[in-house]
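K.L.:
File name run-v6.pdb; file contents PDB, C-alpha atoms; full text below.
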ATOM      1  CA  MET D  16       8.672  73.954   8.020  1.00  0.00           C
ATOM      2  CA  ARG D  17       8.692  75.733  11.364  1.00  0.00           C
ATOM      3  CA  ALA D  18       6.748  78.945  11.879  1.00  0.00           C
ATOM      4  CA  VAL D  19       8.778  81.952  13.106  1.00  0.00           C
ATOM      5  CA  PRO D  20       7.078  83.936  15.873  1.00  0.00           C
ATOM      6  CA  ALA D  21       6.243  87.517  15.093  1.00  0.00           C
ATOM      7  CA  PRO D  22       8.682  90.188  16.409  1.00  0.00           C
ATOM      8  CA  LYS D  23       6.019  91.437  18.853  1.00  0.00           C
ATOM      9  CA  VAL D  24       5.964  88.035  20.547  1.00  0.00           C
ATOM     10  CA  TRP D  25       9.766  88.084  20.996  1.00  0.00           C
ATOM     11  CA  VAL D  26       9.733  91.608  22.431  1.00  0.00           C
ATOM     12  CA  THR D  27       6.877  90.771  24.774  1.00  0.00           C
ATOM     13  CA  GLY D  28       8.612  87.592  25.957  1.00  0.00           C
ATOM     14  CA  LEU D  29      11.957  89.326  26.544  1.00  0.00           C
ATOM     15  CA  THR D  30      10.279  92.220  28.369  1.00  0.00           C
ATOM     16  CA  ALA D  31       8.328  89.863  30.634  1.00  0.00           C
ATOM     17  CA  GLY D  32      11.526  87.930  31.431  1.00  0.00           C
ATOM     18  CA  ALA D  33      13.437  91.133  32.244  1.00  0.00           C
ATOM     19  CA  VAL D  34      10.647  92.404  34.508  1.00  0.00           C
ATOM     20  CA  ALA D  35      10.558  89.063  36.347  1.00  0.00           C
ATOM     21  CA  ALA D  36      14.348  89.182  36.864  1.00  0.00           C
ATOM     22  CA  VAL D  37      14.222  92.760  38.213  1.00  0.00           C
ATOM     23  CA  VAL D  38      11.380  91.877  40.591  1.00  0.00           C
ATOM     24  CA  ALA D  39      13.276  88.818  41.862  1.00  0.00           C
ATOM     25  CA  LEU D  40      16.425  90.912  42.479  1.00  0.00           C
ATOM     26  CA  ALA D  41      14.404  93.653  44.212  1.00  0.00           C
ATOM     27  CA  VAL D  42      12.829  91.105  46.565  1.00  0.00           C
ATOM     28  CA  GLN D  43      16.279  89.689  47.420  1.00  0.00           C
ATOM     29  CA  ALA D  44      17.733  93.178  48.013  1.00  0.00           C
ATOM     30  CA  ASP D  45      14.836  94.091  50.303  1.00  0.00           C
ATOM     31  CA  LYS D  46      15.626  91.077  52.512  1.00  0.00           C
ATOM     32  CA  GLY D  47      19.294  92.097  52.969  1.00  0.00           C
ATOM     33  CA  PRO D  48      20.852  94.316  55.659  1.00  0.00           C
ATOM     34  CA  LYS D  49      20.050  98.011  55.525  1.00  0.00           C
ATOM     35  CA  PRO D  50      22.859 100.579  55.878  1.00  0.00           C
ATOM     36  CA  HIS D  51      22.724 102.798  58.920  1.00  0.00           C
ATOM     37  CA  VAL D  52      25.011 104.984  61.009  1.00  0.00           C
ATOM     38  CA  VAL D  53      25.211 104.604  64.759  1.00  0.00           C
ATOM     39  CA  ALA D  54      27.023 107.078  66.959  1.00  0.00           C
ATOM     40  CA  ALA D  55      29.179 105.244  69.471  1.00  0.00           C
ATOM     41  CA  ARG D  56      28.884 106.211  73.099  1.00  0.00           C
ATOM     42  CA  PRO D  57      31.549 105.914  75.754  1.00  0.00           C
ATOM     43  CA  SER D  58      31.218 102.928  78.036  1.00  0.00           C
ATOM     44  CA  ALA D  59      30.779 103.267  81.763  1.00  0.00           C
ATOM     45  CA  SER D  60      34.330 101.963  82.238  1.00  0.00           C
ATOM     46  CA  ALA D  61      35.707 104.695  79.977  1.00  0.00           C
ATOM     47  CA  SER D  62      33.976 107.494  81.844  1.00  0.00           C
ATOM     48  CA  PRO D  63      32.494 106.816  85.288  1.00  0.00           C
ATOM     49  CA  GLY D  64      28.934 108.040  85.521  1.00  0.00           C
ATOM     50  CA  ALA D  65      28.687 108.500  81.756  1.00  0.00           C
ATOM     51  CA  SER D  66      25.213 108.869  80.371  1.00  0.00           C
ATOM     52  CA  THR D  67      24.082 106.450  77.678  1.00  0.00           C
ATOM     53  CA  THR D  68      22.466 109.411  75.893  1.00  0.00           C
ATOM     54  CA  PRO D  69      24.840 111.893  74.285  1.00  0.00           C
ATOM     55  CA  ALA D  70      24.565 115.481  75.469  1.00  0.00           C
ATOM     56  CA  PRO D  71      22.762 117.787  73.012  1.00  0.00           C
ATOM     57  CA  SER D  72      26.067 119.487  72.188  1.00  0.00           C
ATOM     58  CA  ALA D  73      27.567 116.083  71.363  1.00  0.00           C
ATOM     59  CA  THR D  74      25.375 115.778  68.300  1.00  0.00           C
ATOM     60  CA  ALA D  75      25.847 119.335  67.007  1.00  0.00           C
ATOM     61  CA  VAL D  76      28.957 120.122  65.004  1.00  0.00           C
ATOM     62  CA  PRO D  77      30.995 122.686  66.985  1.00  0.00           C
ATOM     63  CA  ASP D  78      30.826 126.302  65.854  1.00  0.00           C
ATOM     64  CA  ALA D  79      33.861 127.684  64.037  1.00  0.00           C
ATOM     65  CA  SER D  80      34.943 124.210  62.917  1.00  0.00           C
ATOM     66  CA  GLY D  81      35.480 125.097  59.280  1.00  0.00           C
ATOM     67  CA  THR D  82      33.559 124.300  56.137  1.00  0.00           C
ATOM     68  CA  GLY D  83      33.486 121.527  53.571  1.00  0.00           C
ATOM     69  CA  ARG D  84      34.545 117.915  53.935  1.00  0.00           C
ATOM     70  CA  ARG D  85      36.553 117.469  57.135  1.00  0.00           C
ATOM     71  CA  VAL D  86      37.146 115.639  60.395  1.00  0.00           C
ATOM     72  CA  VAL D  87      36.343 117.744  63.469  1.00  0.00           C
ATOM     73  CA  TYR D  88      37.985 116.822  66.783  1.00  0.00           C
ATOM     74  CA  SER D  89      36.772 118.559  69.956  1.00  0.00           C
ATOM     75  CA  LEU D  90      39.323 118.472  72.772  1.00  0.00           C
ATOM     76  CA  GLY D  91      36.769 119.462  75.423  1.00  0.00           C
ATOM     77  CA  GLU D  92      34.029 117.089  74.353  1.00  0.00           C
ATOM     78  CA  LYS D  93      36.461 114.251  73.501  1.00  0.00           C
ATOM     79  CA  ARG D  94      34.458 113.680  70.332  1.00  0.00           C
ATOM     80  CA  VAL D  95      35.012 113.430  66.572  1.00  0.00           C
ATOM     81  CA  TRP D  96      32.623 114.325  63.746  1.00  0.00           C
ATOM     82  CA  LEU D  97      32.933 113.209  60.127  1.00  0.00           C
ATOM     83  CA  ILE D  98      31.556 116.058  58.003  1.00  0.00           C
ATOM     84  CA  ASP D  99      30.740 115.622  54.315  1.00  0.00           C
ATOM     85  CA  ALA D 100      31.280 118.200  51.546  1.00  0.00           C
ATOM     86  CA  SER D 101      27.819 119.706  52.101  1.00  0.00           C
ATOM     87  CA  GLY D 102      28.628 120.383  55.770  1.00  0.00           C
ATOM     88  CA  ALA D 103      26.385 117.607  57.121  1.00  0.00           C
ATOM     89  CA  SER D 104      27.606 115.415  59.962  1.00  0.00           C
ATOM     90  CA  ARG D 105      27.759 111.798  58.769  1.00  0.00           C
ATOM     91  CA  ARG D 106      28.980 110.246  62.014  1.00  0.00           C
ATOM     92  CA  THR D 107      30.027 111.339  65.481  1.00  0.00           C
ATOM     93  CA  PHE D 108      31.654 109.318  68.245  1.00  0.00           C
ATOM     94  CA  ALA D 109      33.497 109.581  71.541  1.00  0.00           C
ATOM     95  CA  VAL D 110      37.282 109.290  71.669  1.00  0.00           C
ATOM     96  CA  TRP D 111      39.914 108.783  74.354  1.00  0.00           C
ATOM     97  CA  PRO D 112      42.813 111.217  73.909  1.00  0.00           C
ATOM     98  CA  GLY D 113      46.415 110.472  74.829  1.00  0.00           C
ATOM     99  CA  THR D 114      48.445 112.553  77.273  1.00  0.00           C
ATOM    100  CA  VAL D 115      49.556 115.010  74.544  1.00  0.00           C
ATOM    101  CA  SER D 116      46.850 116.868  72.626  1.00  0.00           C
ATOM    102  CA  PRO D 117      47.213 118.983  69.496  1.00  0.00           C
ATOM    103  CA  ASP D 118      46.672 122.723  69.722  1.00  0.00           C
ATOM    104  CA  PRO D 119      43.373 123.968  68.268  1.00  0.00           C
ATOM    105  CA  GLY D 120      43.799 124.613  64.555  1.00  0.00           C
ATOM    106  CA  THR D 121      43.593 123.094  61.103  1.00  0.00           C
ATOM    107  CA  TYR D 122      45.711 120.098  60.119  1.00  0.00           C
ATOM    108  CA  THR D 123      45.692 117.463  57.392  1.00  0.00           C
ATOM    109  CA  ILE D 124      46.048 113.718  57.584  1.00  0.00           C
ATOM    110  CA  GLY D 125      49.620 113.181  56.462  1.00  0.00           C
ATOM    111  CA  THR D 126      50.375 109.501  56.853  1.00  0.00           C
ATOM    112  CA  ARG D 127      48.109 106.494  57.157  1.00  0.00           C
ATOM    113  CA  ARG D 128      49.615 103.288  58.463  1.00  0.00           C
ATOM    114  CA  GLN D 129      48.019 100.133  57.091  1.00  0.00           C
ATOM    115  CA  GLY D 130      47.884  97.020  59.234  1.00  0.00           C
ATOM    116  CA  THR D 131      48.571  96.522  62.916  1.00  0.00           C
ATOM    117  CA  ILE D 132      51.333  98.208  64.922  1.00  0.00           C
ATOM    118  CA  THR D 133      52.162  98.564  68.617  1.00  0.00           C
ATOM    119  CA  GLY D 134      51.147 101.894  70.135  1.00  0.00           C
ATOM    120  CA  SER D 135      53.376 103.823  72.541  1.00  0.00           C
ATOM    121  CA  ASP D 136      51.352 102.302  75.393  1.00  0.00           C
ATOM    122  CA  GLY D 137      52.164  98.751  74.213  1.00  0.00           C
ATOM    123  CA  VAL D 138      48.665  98.056  72.831  1.00  0.00           C
ATOM    124  CA  GLN D 139      48.159  96.634  69.318  1.00  0.00           C
ATOM    125  CA  ILE D 140      46.458  99.344  67.228  1.00  0.00           C
ATOM    126  CA  GLU D 141      45.136  99.747  63.681  1.00  0.00           C
ATOM    127  CA  HIS D 142      43.639 102.425  61.416  1.00  0.00           C
ATOM    128  CA  VAL D 143      46.479 104.803  62.378  1.00  0.00           C
ATOM    129  CA  MET D 144      46.174 108.238  60.785  1.00  0.00           C
ATOM    130  CA  TYR D 145      48.801 110.849  61.739  1.00  0.00           C
ATOM    131  CA  PHE D 146      47.737 114.486  61.606  1.00  0.00           C
ATOM    132  CA  ALA D 147      49.819 116.561  64.071  1.00  0.00           C
ATOM    133  CA  LEU D 148      53.097 116.797  65.977  1.00  0.00           C
ATOM    134  CA  LYS D 149      53.473 118.483  69.354  1.00  0.00           C
ATOM    135  CA  SER D 150      56.495 118.501  71.656  1.00  0.00           C
ATOM    136  CA  GLY D 151      58.082 115.738  69.581  1.00  0.00           C
ATOM    137  CA  VAL D 152      55.031 113.469  69.954  1.00  0.00           C
ATOM    138  CA  ASN D 153      53.137 112.307  66.856  1.00  0.00           C
ATOM    139  CA  ILE D 154      49.393 112.691  67.246  1.00  0.00           C
ATOM    140  CA  ALA D 155      47.223 110.188  65.401  1.00  0.00           C
ATOM    141  CA  PHE D 156      43.749 108.690  65.349  1.00  0.00           C
ATOM    142  CA  SER D 157      43.663 104.919  65.941  1.00  0.00           C
ATOM    143  CA  ASN D 158      41.759 102.116  67.574  1.00  0.00           C
ATOM    144  CA  ALA D 159      42.928  99.181  69.655  1.00  0.00           C
ATOM    145  CA  VAL D 160      42.680  95.910  67.734  1.00  0.00           C
ATOM    146  CA  ASP D 161      40.965  94.288  70.732  1.00  0.00           C
ATOM    147  CA  GLY D 162      38.515  97.220  71.013  1.00  0.00           C
ATOM    148  CA  SER D 163      39.714  98.329  74.450  1.00  0.00           C
ATOM    149  CA  SER D 164      40.007 101.904  75.632  1.00  0.00           C
ATOM    150  CA  PRO D 165      43.506 103.057  76.570  1.00  0.00           C
ATOM    151  CA  PRO D 166      44.819 102.472  80.076  1.00  0.00           C
ATOM    152  CA  PRO D 167      45.017 105.433  82.488  1.00  0.00           C
ATOM    153  CA  PRO D 168      47.686 108.005  81.590  1.00  0.00           C
ATOM    154  CA  THR D 169      51.258 107.183  82.529  1.00  0.00           C
ATOM    155  CA  SER D 170      54.421 109.227  82.616  1.00  0.00           C
ATOM    156  CA  THR D 171      54.987 108.286  78.949  1.00  0.00           C
ATOM    157  CA  PRO D 172      53.748 110.985  76.563  1.00  0.00           C
ATOM    158  CA  THR D 173      51.195 109.462  74.177  1.00  0.00           C
ATOM    159  CA  GLY D 174      49.564 111.140  71.197  1.00  0.00           C
ATOM    160  CA  GLY D 175      47.032 108.508  70.252  1.00  0.00           C
ATOM    161  CA  VAL D 176      43.412 109.591  69.933  1.00  0.00           C
ATOM    162  CA  ARG D 177      41.682 106.235  70.405  1.00  0.00           C
ATOM    163  CA  MET D 178      38.200 105.205  69.454  1.00  0.00           C
ATOM    164  CA  ARG D 179      36.055 102.092  69.235  1.00  0.00           C
ATOM    165  CA  THR D 180      36.905  99.627  66.456  1.00  0.00           C
ATOM    166  CA  ALA D 181      33.852 100.421  64.289  1.00  0.00           C
ATOM    167  CA  ASP D 182      34.556 104.146  64.594  1.00  0.00           C
ATOM    168  CA  GLY D 183      38.199 103.585  63.661  1.00  0.00           C
ATOM    169  CA  ALA D 184      37.116 101.713  60.534  1.00  0.00           C
ATOM    170  CA  ALA D 185      34.670 104.494  59.605  1.00  0.00           C
ATOM    171  CA  LEU D 186      37.320 107.187  60.098  1.00  0.00           C
ATOM    172  CA  TRP D 187      39.837 105.152  58.081  1.00  0.00           C
ATOM    173  CA  THR D 188      37.362 104.958  55.181  1.00  0.00           C
ATOM    174  CA  PHE D 189      36.484 108.669  55.441  1.00  0.00           C
ATOM    175  CA  GLY D 190      39.916 110.152  56.134  1.00  0.00           C
ATOM    176  CA  ALA D 191      42.149 109.724  53.125  1.00  0.00           C
ATOM    177  CA  THR D 192      45.584 111.355  53.080  1.00  0.00           C
ATOM    178  CA  GLU D 193      45.246 115.165  52.870  1.00  0.00           C
ATOM    179  CA  THR D 194      41.792 115.144  54.521  1.00  0.00           C
ATOM    180  CA  THR D 195      41.369 118.260  56.656  1.00  0.00           C
ATOM    181  CA  VAL D 196      41.286 117.798  60.436  1.00  0.00           C
ATOM    182  CA  VAL D 197      39.960 120.740  62.457  1.00  0.00           C
ATOM    183  CA  VAL D 198      40.795 120.658  66.177  1.00  0.00           C
ATOM    184  CA  VAL D 199      38.596 122.840  68.399  1.00  0.00           C
ATOM    185  CA  ARG D 200      38.565 123.429  72.151  1.00  0.00           C
TER
END
Represent the structure contained in this file as structure tokens.
P.N.:
Amino acid sequence: MRAVPAPKVWVTGLTAGAVAAVVALAVQADKGPKPHVVAARPSASASPGASTTPAPSATAVPDASGTGRRVVYSLGEKRVWLIDASGASRRTFAVWPGTVSPDPGTYTIGTRRQGTITGSDGVQIEHVMYFALKSGVNIAFSNAVDGSSPPPPTSTPTGGVRMRTADGAALWTFGATETTVVVVR
């Protein structure tokens, strides 16, 4: 006849096994990539003489840009901020506006276009998020699939507000339909 271990032995054995499994998973997790946010900076080709360090105002959310969760787009600074519900800036990055800009005011993201399309300048774009209309031109955030900045303005009115690919992906994740977009000077 086989002896049955006491319940304390079973509990101790199971607890030791669980602790060993948690420790092993914690060690594996510690070796993995760590999340972080990096603010993109314009390249020298996008803005001749551009500094690699953002101006102090580039990191501060503009005054009078609303409250709560929102996207803030500064026409003058050519910059976007992603602001969480507590009012904290989660990411900021430079953008390249088209030839038609929205008027300062509050808008909402109305339509998001999944996949790749051709922009009005002939460039393949993705992460397209429409938020305004001015003079018959749709204004939308997007990024070029190849990561390029838009070519110099032409006689064709364009409403694309372009950004780097990583910034476009971050905005796409943040800016669901009906997300508030505040445009400031």
K.L.:
Assuming the chain letters and numbering stay as they are in my file, what does the PyMOL selection byres ((chain D and resi 97) around 7) actually select? List them as an mmCIF file with C-alpha atoms, in the coordinates of the input.
P.N.:
data_model
loop_
_atom_site.group_PDB
_atom_site.id
_atom_site.type_symbol
_atom_site.label_atom_id
_atom_site.label_comp_id
_atom_site.auth_asym_id
_atom_site.auth_seq_id
_atom_site.Cartn_x
_atom_site.Cartn_y
_atom_site.Cartn_z
ATOM 1 C CA ARG D 85 36.553 117.469 57.135
ATOM 2 C CA VAL D 86 37.146 115.639 60.395
ATOM 3 C CA VAL D 87 36.343 117.744 63.469
ATOM 4 C CA VAL D 95 35.012 113.430 66.572
ATOM 5 C CA TRP D 96 32.623 114.325 63.746
ATOM 6 C CA ILE D 98 31.556 116.058 58.003
ATOM 7 C CA ASP D 99 30.740 115.622 54.315
ATOM 8 C CA SER D 104 27.606 115.415 59.962
ATOM 9 C CA ARG D 105 27.759 111.798 58.769
ATOM 10 C CA ARG D 106 28.980 110.246 62.014
ATOM 11 C CA THR D 107 30.027 111.339 65.481
#
K.L.:
To one decimal place, how far is CA of Pro172 in chain D from CA of Ala191 in chain D in Å?
P.N.:
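Pair CA of Pro172 in chain D / CA of Ala191 in chain D returns 26.2 Å.
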K.L.:
Please identify all polymer residues within 10 Å of Ser116 in chain D, counting only C-alpha atoms, omitting same-chain residues fewer than 5 positions from it, and present them as a PyMOL selection string.
P.N.:
chain D and resi 90+147-150+152-155+172-176+198
K.L.:
Mind giving me the straight-line distance from CA of Pro77 in chain D to CA of Val199 in chain D in Å, one decimal?
P.N.:
7.7 Å
K.L.:
With distances taken over only C-alpha atoms, which residue among D:Gly162, D:Gly125, D:Gly130, D:Pro168 lies nearest Gly190 in chain D?
P.N.:
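Looking only at the distances to Gly190 in chain D, the closest residue turns out to be D:Gly125.
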K.L.:
Between CA of Thr171 in chain D and CA of Arg128 in chain D, measure the distance and give it in Å to one decimal.
P.N.:
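Distance reported for this atom pair: 21.8 Å.
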K.L.:
Starting from the displayed file, determine the output of the PyMOL selection byres ((chain D and resi 184-189) around 8) and express the residue list as a list in words.
P.N.:
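So the PyMOL selection byres ((chain D and resi 184-189) around 8) ends up selecting Leu97, His142, Val143, Met144, Thr180, Ala181, Asp182, Gly183, Gly190 and Ala191 of chain D.
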K.L.:
Output C-alpha atoms for every residue in the selection just made, as a PDB file, keeping the file's coordinate frame.
P.N.:
ATOM      1  CA  LEU D  97      32.933 113.209  60.127  1.00  0.00           C
ATOM      2  CA  HIS D 142      43.639 102.425  61.416  1.00  0.00           C
ATOM      3  CA  VAL D 143      46.479 104.803  62.378  1.00  0.00           C
ATOM      4  CA  MET D 144      46.174 108.238  60.785  1.00  0.00           C
ATOM      5  CA  THR D 180      36.905  99.627  66.456  1.00  0.00           C
ATOM      6  CA  ALA D 181      33.852 100.421  64.289  1.00  0.00           C
ATOM      7  CA  ASP D 182      34.556 104.146  64.594  1.00  0.00           C
ATOM      8  CA  GLY D 183      38.199 103.585  63.661  1.00  0.00           C
ATOM      9  CA  GLY D 190      39.916 110.152  56.134  1.00  0.00           C
ATOM     10  CA  ALA D 191      42.149 109.724  53.125  1.00  0.00           C
TER      11      ALA D 191
END
